[in-house]
Each structure stands twice: as C-alpha cells, then as structure tokens.
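File shown: query_36.cif. Contents: mmCIF, C-alpha atoms.
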```cif
data_work
#
loop_
_atom_site.group_PDB
_atom_site.id
_atom_site.type_symbol
_atom_site.label_atom_id
_atom_site.label_comp_id
_atom_site.auth_asym_id
_atom_site.auth_seq_id
_atom_site.Cartn_x
_atom_site.Cartn_y
_atom_site.Cartn_z
ATOM 1 C CA MET A 1 -16.988 -15.847 -5.490
ATOM 2 C CA SER A 2 -13.454 -16.496 -4.494
ATOM 3 C CA SER A 3 -10.180 -14.731 -4.817
ATOM 4 C CA LEU A 4 -8.348 -17.842 -5.821
ATOM 5 C CA ASP A 5 -6.049 -18.163 -8.793
ATOM 6 C CA GLN A 6 -7.040 -21.510 -10.336
ATOM 7 C CA ASN A 7 -10.086 -21.317 -12.573
ATOM 8 C CA HIS A 8 -11.793 -21.943 -15.871
ATOM 9 C CA SER A 9 -10.191 -21.008 -19.152
ATOM 10 C CA GLY A 10 -10.900 -17.568 -20.562
ATOM 11 C CA CYS A 11 -11.398 -19.028 -24.039
ATOM 12 C CA ARG A 12 -15.014 -20.135 -24.115
ATOM 13 C CA ASP A 13 -16.155 -20.165 -27.719
ATOM 14 C CA LYS A 14 -14.494 -22.317 -30.367
ATOM 15 C CA THR A 15 -14.560 -19.827 -33.216
ATOM 16 C CA THR A 16 -12.948 -20.303 -36.584
ATOM 17 C CA VAL A 17 -10.600 -17.412 -37.274
ATOM 18 C CA ALA A 18 -9.090 -16.276 -40.518
ATOM 19 C CA GLY A 19 -5.351 -15.998 -40.847
ATOM 20 C CA ASP A 20 -5.338 -12.210 -40.346
ATOM 21 C CA SER A 21 -3.305 -11.550 -37.189
ATOM 22 C CA SER A 22 -5.325 -8.434 -36.337
ATOM 23 C CA ASP A 23 -8.525 -10.514 -36.371
ATOM 24 C CA ILE A 24 -6.926 -13.071 -34.062
ATOM 25 C CA HIS A 25 -5.744 -10.356 -31.679
ATOM 26 C CA GLU A 26 -9.201 -8.761 -31.623
ATOM 27 C CA LEU A 27 -10.936 -12.057 -30.895
ATOM 28 C CA ALA A 28 -8.465 -12.791 -28.110
ATOM 29 C CA LYS A 29 -9.487 -9.573 -26.325
ATOM 30 C CA GLN A 30 -13.246 -10.095 -26.507
ATOM 31 C CA PRO A 31 -13.971 -11.333 -22.954
ATOM 32 C CA LEU A 32 -12.439 -8.125 -21.548
ATOM 33 C CA ARG A 33 -13.839 -5.651 -24.043
ATOM 34 C CA GLY A 34 -15.033 -2.264 -22.833
ATOM 35 C CA LEU A 35 -12.331 -1.697 -20.234
ATOM 36 C CA LYS A 36 -10.822 1.774 -20.010
ATOM 37 C CA LEU A 37 -7.161 0.817 -19.940
ATOM 38 C CA ALA A 38 -3.878 2.618 -20.357
ATOM 39 C CA SER A 39 -2.051 1.822 -23.584
ATOM 40 C CA HIS A 40 -0.470 -1.619 -23.771
ATOM 41 C CA ALA A 41 2.228 -0.304 -26.130
ATOM 42 C CA VAL A 42 4.850 -0.437 -23.387
ATOM 43 C CA LEU A 43 4.049 -4.108 -22.714
ATOM 44 C CA GLU A 44 4.166 -4.939 -26.421
ATOM 45 C CA GLU A 45 7.612 -3.334 -26.667
ATOM 46 C CA ALA A 46 8.820 -5.131 -23.543
ATOM 47 C CA GLN A 47 7.567 -8.451 -24.884
ATOM 48 C CA GLN A 48 9.443 -7.930 -28.126
ATOM 49 C CA SER A 49 12.622 -7.179 -26.160
ATOM 50 C CA GLY A 50 12.313 -10.450 -24.272
ATOM 51 C CA ARG A 51 12.839 -11.462 -20.677
ATOM 52 C CA VAL A 52 14.967 -9.409 -18.308
ATOM 53 C CA ILE A 53 16.940 -10.499 -15.250
ATOM 54 C CA CYS A 54 15.487 -9.129 -12.006
ATOM 55 C CA SER A 55 18.165 -7.075 -10.243
ATOM 56 C CA LYS A 56 16.857 -8.163 -6.831
ATOM 57 C CA CYS A 57 16.523 -11.942 -7.095
ATOM 58 C CA GLY A 58 18.233 -12.779 -10.379
ATOM 59 C CA GLY A 59 15.127 -14.409 -11.863
ATOM 60 C CA SER A 60 14.317 -14.180 -15.560
ATOM 61 C CA ARG A 61 11.097 -12.178 -15.805
ATOM 62 C CA MET A 62 8.728 -10.453 -18.212
ATOM 63 C CA PHE A 63 7.120 -7.097 -17.244
ATOM 64 C CA PHE A 64 7.447 -7.672 -13.487
ATOM 65 C CA CYS A 65 9.081 -9.938 -10.944
ATOM 66 C CA TYR A 66 6.370 -11.943 -9.195
ATOM 67 C CA THR A 67 8.849 -12.871 -6.455
ATOM 68 C CA CYS A 68 9.941 -9.339 -5.598
ATOM 69 C CA CYS A 69 6.732 -7.523 -6.594
ATOM 70 C CA SER A 70 8.714 -5.106 -8.707
ATOM 71 C CA LEU A 71 8.742 -4.024 -12.341
ATOM 72 C CA VAL A 72 11.288 -5.527 -14.725
ATOM 73 C CA GLY A 73 12.000 -4.016 -18.123
ATOM 74 C CA VAL A 74 9.201 -1.496 -17.592
ATOM 75 C CA GLY A 75 9.362 1.820 -15.716
ATOM 76 C CA MET A 76 6.930 3.049 -13.064
ATOM 77 C CA GLN A 77 6.133 5.990 -15.314
ATOM 78 C CA ASP A 78 4.916 3.563 -17.970
ATOM 79 C CA ILE A 79 2.198 1.816 -15.951
ATOM 80 C CA PRO A 80 -1.121 3.163 -14.605
ATOM 81 C CA ILE A 81 -0.931 3.460 -10.811
ATOM 82 C CA THR A 82 -4.443 3.162 -9.383
ATOM 83 C CA LYS A 83 -5.818 4.730 -6.202
ATOM 84 C CA LEU A 84 -8.294 2.509 -4.347
ATOM 85 C CA PRO A 85 -11.068 3.598 -1.952
ATOM 86 C CA LEU A 86 -10.211 0.804 0.510
ATOM 87 C CA LYS A 87 -7.113 -0.999 1.733
ATOM 88 C CA ILE A 88 -6.630 -4.491 0.313
ATOM 89 C CA ASP A 89 -4.874 -7.268 2.251
ATOM 90 C CA ILE A 90 -4.017 -10.495 0.447
ATOM 91 C CA ILE A 91 -3.190 -13.634 2.436
ATOM 92 C CA LYS A 92 -1.093 -15.842 0.176
ATOM 93 C CA HIS A 93 -0.641 -19.566 0.701
ATOM 94 C CA PRO A 94 3.079 -20.410 1.116
ATOM 95 C CA ASN A 95 2.792 -23.155 -1.513
ATOM 96 C CA GLU A 96 1.036 -20.995 -4.067
ATOM 97 C CA THR A 97 3.204 -20.749 -7.184
ATOM 98 C CA ASP A 98 4.241 -17.110 -7.493
ATOM 99 C CA GLY A 99 4.316 -17.212 -11.273
ATOM 100 C CA LYS A 100 0.711 -18.435 -11.462
ATOM 101 C CA SER A 101 -0.758 -15.908 -9.042
ATOM 102 C CA THR A 102 -2.298 -12.602 -10.131
ATOM 103 C CA ALA A 103 -2.014 -11.074 -6.646
ATOM 104 C CA VAL A 104 1.207 -9.342 -7.673
ATOM 105 C CA HIS A 105 -0.735 -7.400 -10.334
ATOM 106 C CA ALA A 106 -2.687 -5.632 -7.599
ATOM 107 C CA LYS A 107 0.416 -4.858 -5.530
ATOM 108 C CA ILE A 108 2.267 -3.339 -8.478
ATOM 109 C CA LEU A 109 -0.677 -1.355 -9.857
ATOM 110 C CA ALA A 110 -1.974 -0.119 -6.480
ATOM 111 C CA PRO A 111 1.177 -0.154 -4.315
ATOM 112 C CA ASN A 112 -0.136 2.265 -1.697
ATOM 113 C CA ASP A 113 -3.333 0.336 -1.042
ATOM 114 C CA VAL A 114 -2.403 -3.346 -1.406
ATOM 115 C CA THR A 115 -0.376 -5.514 0.982
ATOM 116 C CA ILE A 116 0.491 -9.174 0.460
ATOM 117 C CA TYR A 117 1.119 -11.447 3.458
ATOM 118 C CA THR A 118 2.436 -14.996 3.200
ATOM 119 C CA TYR A 119 0.591 -17.405 5.471
ATOM 120 C CA PRO A 120 0.903 -18.061 8.402
ATOM 121 C CA CYS A 121 1.563 -14.317 8.663
ATOM 122 C CA ILE A 122 -1.824 -12.644 9.173
ATOM 123 C CA PRO A 123 -2.067 -9.082 10.517
ATOM 124 C CA GLU A 124 -4.321 -8.171 13.403
ATOM 125 C CA PHE A 125 -7.682 -6.972 12.126
ATOM 126 C CA GLU A 126 -10.511 -5.057 13.752
ATOM 127 C CA ARG A 127 -13.320 -7.382 12.727
ATOM 128 C CA GLU A 128 -15.945 -4.653 12.757
ATOM 129 C CA LYS A 129 -13.966 -2.763 10.074
ATOM 130 C CA VAL A 130 -13.007 -5.615 7.748
ATOM 131 C CA VAL A 131 -14.718 -8.004 5.331
ATOM 132 C CA LEU A 132 -13.353 -11.274 3.973
ATOM 133 C CA VAL A 133 -14.055 -12.043 0.327
ATOM 134 C CA PHE A 134 -14.578 -15.785 0.421
ATOM 135 C CA PRO A 135 -17.587 -18.024 -0.316
ATOM 136 C CA GLY A 136 -19.524 -19.608 2.495
ATOM 137 C CA PRO A 137 -23.019 -20.326 3.835
ATOM 138 C CA GLN A 138 -23.156 -16.962 5.631
ATOM 139 C CA ALA A 139 -21.573 -14.930 2.823
ATOM 140 C CA VAL A 140 -23.488 -11.841 1.702
ATOM 141 C CA SER A 141 -23.391 -9.643 -1.386
ATOM 142 C CA VAL A 142 -21.467 -6.389 -1.702
ATOM 143 C CA GLN A 143 -24.824 -4.601 -1.655
ATOM 144 C CA ASP A 144 -25.597 -5.985 1.810
ATOM 145 C CA MET A 145 -22.189 -6.015 3.443
ATOM 146 C CA LEU A 146 -22.112 -2.496 4.938
ATOM 147 C CA GLN A 147 -25.387 -2.955 6.781
ATOM 148 C CA CYS A 148 -24.276 -6.416 7.824
ATOM 149 C CA LEU A 149 -21.009 -4.985 9.126
ATOM 150 C CA ARG A 150 -22.872 -2.346 11.146
ATOM 151 C CA ASP A 151 -25.281 -4.916 12.548
ATOM 152 C CA ARG A 152 -22.458 -7.188 13.602
ATOM 153 C CA SER A 153 -20.583 -4.322 15.194
ATOM 154 C CA GLN A 154 -23.658 -3.256 17.160
ATOM 155 C CA ASN A 155 -24.359 -6.802 18.269
ATOM 156 C CA HIS A 156 -20.714 -7.470 19.165
ATOM 157 C CA PHE A 157 -20.797 -10.451 16.791
ATOM 158 C CA ASP A 158 -23.249 -12.284 19.066
ATOM 159 C CA GLU A 159 -25.654 -13.047 16.231
ATOM 160 C CA PRO A 160 -24.819 -14.430 12.769
ATOM 161 C CA CYS A 161 -25.328 -12.054 9.890
ATOM 162 C CA PRO A 162 -28.510 -12.961 7.991
ATOM 163 C CA LYS A 163 -28.005 -14.283 4.493
ATOM 164 C CA LYS A 164 -30.281 -11.717 2.881
ATOM 165 C CA LEU A 165 -30.586 -8.158 4.056
ATOM 166 C CA LYS A 166 -32.338 -5.118 2.733
ATOM 167 C CA THR A 167 -29.887 -3.328 0.483
ATOM 168 C CA GLU A 168 -28.716 0.055 1.690
ATOM 169 C CA ARG A 169 -27.378 2.396 -0.918
ATOM 170 C CA VAL A 170 -25.073 5.217 0.002
ATOM 171 C CA GLY A 171 -25.737 8.445 -1.832
ATOM 172 C CA ALA A 172 -22.524 10.436 -1.431
ATOM 173 C CA THR A 173 -18.905 9.760 -2.337
ATOM 174 C CA HIS A 174 -15.492 8.913 -0.967
ATOM 175 C CA THR A 175 -13.072 11.835 -0.677
ATOM 176 C CA ASP A 176 -10.989 10.441 -3.536
ATOM 177 C CA ILE A 177 -14.062 10.140 -5.788
ATOM 178 C CA THR A 178 -15.863 13.440 -5.537
ATOM 179 C CA PRO A 179 -18.779 14.269 -7.884
ATOM 180 C CA GLU A 180 -19.111 17.733 -9.330
ATOM 181 C CA SER A 181 -22.186 18.396 -7.203
ATOM 182 C CA GLY A 182 -20.707 16.947 -4.012
ATOM 183 C CA THR A 183 -20.362 19.097 -0.904
ATOM 184 C CA PRO A 184 -18.125 18.726 2.181
ATOM 185 C CA ASP A 185 -21.220 17.812 4.226
ATOM 186 C CA GLU A 186 -22.140 15.061 1.776
ATOM 187 C CA THR A 187 -18.578 13.720 1.802
ATOM 188 C CA GLU A 188 -18.474 13.761 5.595
ATOM 189 C CA SER A 189 -21.880 12.065 5.716
ATOM 190 C CA LEU A 190 -20.683 9.275 3.419
ATOM 191 C CA GLU A 191 -17.491 8.748 5.398
ATOM 192 C CA SER A 192 -19.583 8.492 8.526
ATOM 193 C CA ARG A 193 -21.943 5.954 6.973
ATOM 194 C CA MET A 194 -19.097 3.964 5.409
ATOM 195 C CA SER A 195 -16.919 4.167 8.508
ATOM 196 C CA PRO A 196 -17.223 0.500 9.516
ATOM 197 C CA LEU A 197 -15.425 -0.696 6.396
ATOM 198 C CA GLN A 198 -11.739 0.080 6.069
ATOM 199 C CA ARG A 199 -10.084 -3.058 4.731
ATOM 200 C CA VAL A 200 -10.908 -6.009 2.498
ATOM 201 C CA VAL A 201 -9.151 -9.378 2.835
ATOM 202 C CA PHE A 202 -8.613 -11.828 -0.032
ATOM 203 C CA ILE A 203 -7.099 -15.317 0.036
ATOM 204 C CA ASP A 204 -4.597 -16.174 -2.686
ATOM 205 C CA SER A 205 -4.391 -19.937 -3.074
ATOM 206 C CA THR A 206 -5.524 -22.917 -5.107
ATOM 207 C CA TRP A 207 -8.809 -24.445 -3.988
ATOM 208 C CA ASN A 208 -7.070 -27.559 -2.739
ATOM 209 C CA GLN A 209 -5.092 -25.392 -0.320
ATOM 210 C CA THR A 210 -7.743 -22.931 0.825
ATOM 211 C CA ASN A 211 -8.966 -24.733 3.910
ATOM 212 C CA ARG A 212 -5.722 -24.196 5.759
ATOM 213 C CA ILE A 213 -6.110 -20.417 5.536
ATOM 214 C CA SER A 214 -9.894 -19.988 5.593
ATOM 215 C CA SER A 215 -10.212 -22.136 8.726
ATOM 216 C CA ASP A 216 -7.524 -20.224 10.626
ATOM 217 C CA GLU A 217 -9.029 -18.875 13.842
ATOM 218 C CA ARG A 218 -7.621 -15.422 13.098
ATOM 219 C CA LEU A 219 -9.966 -15.169 10.089
ATOM 220 C CA GLN A 220 -13.089 -16.323 11.899
ATOM 221 C CA GLY A 221 -15.923 -13.959 12.763
ATOM 222 C CA PHE A 222 -15.534 -11.722 9.734
ATOM 223 C CA VAL A 223 -18.386 -10.662 7.506
ATOM 224 C CA GLN A 224 -17.876 -12.798 4.399
ATOM 225 C CA VAL A 225 -18.649 -11.475 0.932
ATOM 226 C CA GLU A 226 -19.276 -13.514 -2.197
ATOM 227 C CA LEU A 227 -19.650 -12.263 -5.759
ATOM 228 C CA LYS A 228 -21.842 -14.894 -7.364
ATOM 229 C CA THR A 229 -22.735 -13.034 -10.546
ATOM 230 C CA ARG A 230 -19.204 -12.557 -11.885
ATOM 231 C CA LYS A 231 -17.498 -15.056 -14.149
ATOM 232 C CA THR A 232 -13.812 -15.619 -14.640
ATOM 233 C CA CYS A 233 -11.911 -15.488 -17.895
ATOM 234 C CA PHE A 234 -8.680 -16.737 -16.316
ATOM 235 C CA TRP A 235 -6.643 -18.941 -18.636
ATOM 236 C CA ARG A 236 -5.470 -21.393 -15.956
ATOM 237 C CA SER A 237 -8.307 -23.807 -15.404
ATOM 238 C CA GLN A 238 -9.040 -25.912 -12.343
ATOM 239 C CA LYS A 239 -11.067 -28.967 -13.122
ATOM 240 C CA GLY A 240 -14.472 -29.227 -11.502
ATOM 241 C CA LYS A 241 -14.740 -25.624 -10.283
ATOM 242 C CA PRO A 242 -17.488 -23.229 -11.431
ATOM 243 C CA ASP A 243 -16.605 -20.191 -13.504
ATOM 244 C CA THR A 244 -17.755 -17.926 -10.660
ATOM 245 C CA TYR A 245 -14.496 -18.764 -8.868
ATOM 246 C CA LEU A 246 -12.316 -15.820 -9.818
ATOM 247 C CA SER A 247 -8.606 -15.176 -9.967
ATOM 248 C CA THR A 248 -7.309 -12.859 -7.250
ATOM 249 C CA ILE A 249 -7.054 -9.787 -9.458
ATOM 250 C CA GLU A 250 -10.515 -10.406 -10.920
ATOM 251 C CA ALA A 251 -11.972 -10.724 -7.419
ATOM 252 C CA ILE A 252 -10.396 -7.457 -6.305
ATOM 253 C CA TYR A 253 -11.526 -5.661 -9.453
ATOM 254 C CA TYR A 254 -15.134 -6.866 -9.360
ATOM 255 C CA PHE A 255 -15.429 -6.245 -5.632
ATOM 256 C CA LEU A 256 -14.301 -2.627 -6.062
ATOM 257 C CA LYS A 257 -16.538 -2.119 -9.086
ATOM 258 C CA ASP A 258 -19.578 -3.387 -7.168
ATOM 259 C CA PHE A 259 -18.551 -1.351 -4.136
ATOM 260 C CA HIS A 260 -18.371 1.771 -6.304
ATOM 261 C CA GLN A 261 -21.802 1.181 -7.798
ATOM 262 C CA HIS A 262 -23.763 -0.305 -4.916
ATOM 263 C CA CYS A 263 -22.138 1.207 -1.825
ATOM 264 C CA LEU A 264 -21.030 4.597 -3.132
ATOM 265 C CA SER A 265 -24.035 4.739 -5.486
ATOM 266 C CA LEU A 266 -21.869 6.180 -8.229
ATOM 267 C CA GLU A 267 -21.903 5.563 -11.935
ATOM 268 C CA TYR A 268 -18.920 3.404 -12.793
ATOM 269 C CA LYS A 269 -16.645 5.096 -15.323
ATOM 270 C CA GLY A 270 -13.688 2.730 -15.356
ATOM 271 C CA GLU A 271 -12.057 3.993 -12.165
ATOM 272 C CA TYR A 272 -10.471 0.593 -11.380
ATOM 273 C CA ASP A 273 -10.183 -0.888 -14.872
ATOM 274 C CA ASN A 274 -6.415 -0.445 -14.871
ATOM 275 C CA LEU A 275 -6.142 -3.042 -12.128
ATOM 276 C CA LEU A 276 -6.556 -5.393 -15.094
ATOM 277 C CA PHE A 277 -3.753 -3.707 -17.057
ATOM 278 C CA PHE A 278 -1.413 -6.723 -16.957
ATOM 279 C CA TYR A 279 -4.193 -9.294 -16.743
ATOM 280 C CA SER A 280 -5.987 -8.106 -19.867
ATOM 281 C CA TYR A 281 -2.780 -8.026 -21.876
ATOM 282 C CA LEU A 282 -1.683 -11.487 -20.745
ATOM 283 C CA HIS A 283 -5.201 -12.786 -21.396
ATOM 284 C CA SER A 284 -4.987 -11.499 -24.955
ATOM 285 C CA VAL A 285 -1.527 -12.990 -25.502
ATOM 286 C CA VAL A 286 -2.495 -16.402 -24.109
ATOM 287 C CA ASN A 287 -5.761 -16.651 -26.018
ATOM 288 C CA LYS A 288 -4.157 -15.419 -29.209
ATOM 289 C CA ALA A 289 -1.622 -18.249 -28.913
ATOM 290 C CA LYS A 290 -4.413 -20.773 -28.257
ATOM 291 C CA ILE A 291 -6.386 -19.589 -31.263
ATOM 292 C CA SER A 292 -3.329 -19.675 -33.515
ATOM 293 C CA ALA A 293 -2.586 -23.202 -32.327
ATOM 294 C CA GLY A 294 -6.166 -24.284 -32.973
ATOM 295 C CA LYS A 295 -6.818 -25.019 -29.302
ATOM 296 C CA CYS A 296 -9.812 -22.680 -29.095
#
```
Can I see the file as structure tokens?
Amino acid sequence: MSSLDQNHSGCRDKTTVAGDSSDIHELAKQPLRGLKLASHAVLEEAQQSGRVICSKCGGSRMFFCYTCCSLVGVGMQDIPITKLPLKIDIIKHPNETDGKSTAVHAKILAPNDVTIYTYPCIPEFEREKVVLVFPGPQAVSVQDMLQCLRDRSQNHFDEPCPKKLKTERVGATHTDITPESGTPDETESLESRMSPLQRVVFIDSTWNQTNRISSDERLQGFVQVELKTRKTCFWRSQKGKPDTYLSTIEAIYYFLKDFHQHCLSLEYKGEYDNLLFFYSYLHSVVNKAKISAGKC
C-alpha cells in the first residue's frame, strides 16, 4: 500500500442508470457505503453557494483552501473534528499539486494530530517509535508492525525485520478509546505494550516522484508498513498502477482502522470514518458527474 495521491478511478462498474437523480446519487456513493459520517448537508449548501475567496491567499476555493489548510465557506463547528490514537506526519513532495492531494483532508479533520511537511523538510524521528507507511521488500502488515518495532529497538536495528512475524494482538485500549469494562491497569498495560509506536509517516506524492523522498537517508531504517488488502476508489487514476495504491487520506484511514482492530484488538465502530468526510462527498460528486455524462 502507498499513501500516494495518484490512483485508479473509483468508478469500477459500468452500470446503466435511470434518469432519477436520487438513483444516480445513491450509485455514486456505493464504493464508500457503510461509513459512519457526519451529515454532508453543510457541504451541499456550500457547493450550491459556489466558490469562495480564501482570506489568506486569495485563491478561489470550495470547502477548504488546500494551500493554507484552512476552511473556506464552512465553519469549524460544521465539520467533524477527529481525535487520532497516533500522531501522523505527512511528507509532501514540493511538486505535488496541492489541489490534487488529499493530505489536506487529514490536516483539517484531525488538526491536533496531523502535521504536513514539504520536502526537503523532514523532522527528526526516533526510529524505534515511528513506522513509515510505504511499500517495499521488507514492509510488514499492521498486524506485525508492533512486534517488529520492538524487535528492531531491542536489536538496535542491526538485523532486518523479517517479512512475516507471528501476529501479536493487544487486548486493552488507548486512553482515548476506553471500553466500558476497561480498568486503569489494563489501560496502563496497553500503553506500556504499545509504547514503541508514537508516530506514523506517510509520503504524499505521485509515483513518478516518490523515489526522491523514499530514498532520502533521513527516512532509512524505519519499519515499513504496507496495506496490501485495501483498494482505492480515488477518482484520479494513474496508468499502470494497481488499485492497492491508495490516496493519502485512504492510506491514513485504513492504517488507523487496521491499527484499531489488530493492535488495539477493539471492534471497529466507525471511530475514524469522518477522516473521509470530504473524500466521500467529493467521490460522490465526481462519480455522479461521470455517470450523468455516461462515462461510467
């Protein structure tokens, strides 16, 4: 899996649709059905009102300014702010087109837990506390990454992390996700067992530009994580790339969902679905337009 924002189209099935606009809208949402999202009414109203000039940069924008990472025509009280169990750092390629990237979605919807850096700016990381979500020959699954991180920390990164490891499941919860039956001891135990992992790094770039960032010596030696079972429904396609190459916001969402289920061992109840608040709405709008135009 990758965190890169150039992938296969979200419209996969060429289905004949009747002229009913509600049917078209419903079909356009299908790939992202089942998400527990805040109401899109505010986005529908903003779309009807049209583009708004960003007060910071003067750009004409809809919903948010992808240059300034700020809302435009929509108030903070109108969007679902999401609390994440880990800190997210996004390294953005300087030539990545801001308007095509979904990284800004994460920053706006989880402002306290997401930071975007423009390459060559890369913060200093403690490698034993960070994983890099990027495909590679030594990449492991989310299920295996915590044990891999501990093993690497204990071995001082002398030995490569094995490709396949016995999955370790954590039975308690993070302090921000506390089950009804949880106790302080269980919470403390989980924090102790999860302690190696504090941050997750994603690369925001097209595939033709990734090598410049992924090969940077400051990102070497990290445990790499790949999500091979997830498929994109991003509407901007990149020819020749598999549909397991995800957009940035999809990569963040699926990583956190898998982390919740496989590392926290908790039933997933939509805790991070609102990270796809903008993405799901834009996906619906784009695919609705394609269907109406007979392109799907």
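Between A:Ile81 and the residues A:Ala251, A:Val42, A:Ala139, A:Leu275, the shortest atom-to-atom distance, using all atoms listed in the file, involves A:Leu275.
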message = Could you check the closest approach to A:Thr232 for each of A:Arg150, A:Lys92, A:Arg218, A:His283 and tell me which residue wins, using only C-alpha atoms?
response = A:His283
Quick check on the file I pasted: which residues fall under the PyMOL selection byres ((chain A and resi 256) around 12)? Write them as a short mmCIF file (atom, residue, chain, number, x, y, z; two decimals) with C-alpha atoms, in the frame of the given file.
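What follows is the written file selection_18.cif:
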```
data_model
loop_
_atom_site.label_atom_id
_atom_site.label_comp_id
_atom_site.auth_asym_id
_atom_site.auth_seq_id
_atom_site.Cartn_x
_atom_site.Cartn_y
_atom_site.Cartn_z
CA THR A 82 -4.44 3.16 -9.38
CA LYS A 83 -5.82 4.73 -6.20
CA LEU A 84 -8.29 2.51 -4.35
CA PRO A 85 -11.07 3.60 -1.95
CA LEU A 86 -10.21 0.80 0.51
CA LYS A 87 -7.11 -1.00 1.73
CA ILE A 88 -6.63 -4.49 0.31
CA VAL A 133 -14.06 -12.04 0.33
CA VAL A 142 -21.47 -6.39 -1.70
CA GLN A 143 -24.82 -4.60 -1.66
CA ARG A 199 -10.08 -3.06 4.73
CA VAL A 200 -10.91 -6.01 2.50
CA LEU A 227 -19.65 -12.26 -5.76
CA ILE A 249 -7.05 -9.79 -9.46
CA GLU A 250 -10.52 -10.41 -10.92
CA ALA A 251 -11.97 -10.72 -7.42
CA ILE A 252 -10.40 -7.46 -6.30
CA TYR A 253 -11.53 -5.66 -9.45
CA TYR A 254 -15.13 -6.87 -9.36
CA PHE A 255 -15.43 -6.24 -5.63
CA LYS A 257 -16.54 -2.12 -9.09
CA ASP A 258 -19.58 -3.39 -7.17
CA PHE A 259 -18.55 -1.35 -4.14
CA HIS A 260 -18.37 1.77 -6.30
CA GLN A 261 -21.80 1.18 -7.80
CA HIS A 262 -23.76 -0.30 -4.92
CA CYS A 263 -22.14 1.21 -1.82
CA LEU A 264 -21.03 4.60 -3.13
CA LEU A 266 -21.87 6.18 -8.23
CA TYR A 268 -18.92 3.40 -12.79
CA GLY A 270 -13.69 2.73 -15.36
CA GLU A 271 -12.06 3.99 -12.16
CA TYR A 272 -10.47 0.59 -11.38
CA ASP A 273 -10.18 -0.89 -14.87
CA LEU A 275 -6.14 -3.04 -12.13
#
```
key: Result set of the PyMOL selection byres ((chain A and resi 109) around 8) on the coordinates above, as a count of residues only   = 12
query = the PyMOL selection byres ((chain A and resi 128) around 10) on the file shown: which residues, as a PyMOL selection string?
reply = chain A and resi 125-127+129-131+148-154+156-157+195-198+221-223
Atom CA of A:Asp89 to atom CA of A:Leu219, distance in Å rounded to a single decimal =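 For atom CA of A:Asp89 relative to atom CA of A:Leu219, the distance reads 12.2 Å.
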ask   = Which residue gives the smallest distance to A:Asp113 among A:Ile90, A:Val72, A:Leu35, A:Leu43, with all atoms listed in the file counted?
value = A:Ile90
Atomic separation - atom CA of A:Ser205 relative to atom CA of A:Thr248, Å =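 Atom-to-atom, atom CA of A:Thr248 and atom CA of A:Ser205 are spaced 8.7 Å apart.
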query = Just how far from atom CA of A:Val74 is atom CA of A:Phe202, in Å to one decimal?
reply = 27.1 Å
Using the file's own x, y and z axes, so that the box edges lie along x, y and z, what centre and edge lengths in Å (one decimal) does a box around every listed atom of stretch 34-52 of chain A get when 8 Å is added on each side? Give it as AutoDock Vina command-line options.
```
--center_x 0.0 --center_y -4.4 --center_z -23.2 --size_x 46.0 --size_y 30.1 --size_z 25.8
```
ask   = Looking at only C-alpha atoms, which of A:Val52, A:Ile213, A:Cys65, A:Cys57 is the one that sits closest to A:Ala103?
value =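 Of all the options, A:Cys65 lies closest to A:Ala103.
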note = Counting all atoms listed in the file, the residue among A:Asp78, A:Cys68, A:Asn208, A:Asn95 that lies closest to A:Glu45 is A:Asp78
inquiry  = Considering only C-alpha atoms, can you say which of A:Ile53, A:Met62, A:Asn155, A:Ile203 comes closest to A:Gly99?
reply    =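 Using only C-alpha atoms, the shortest distance to A:Gly99 belongs to A:Met62.
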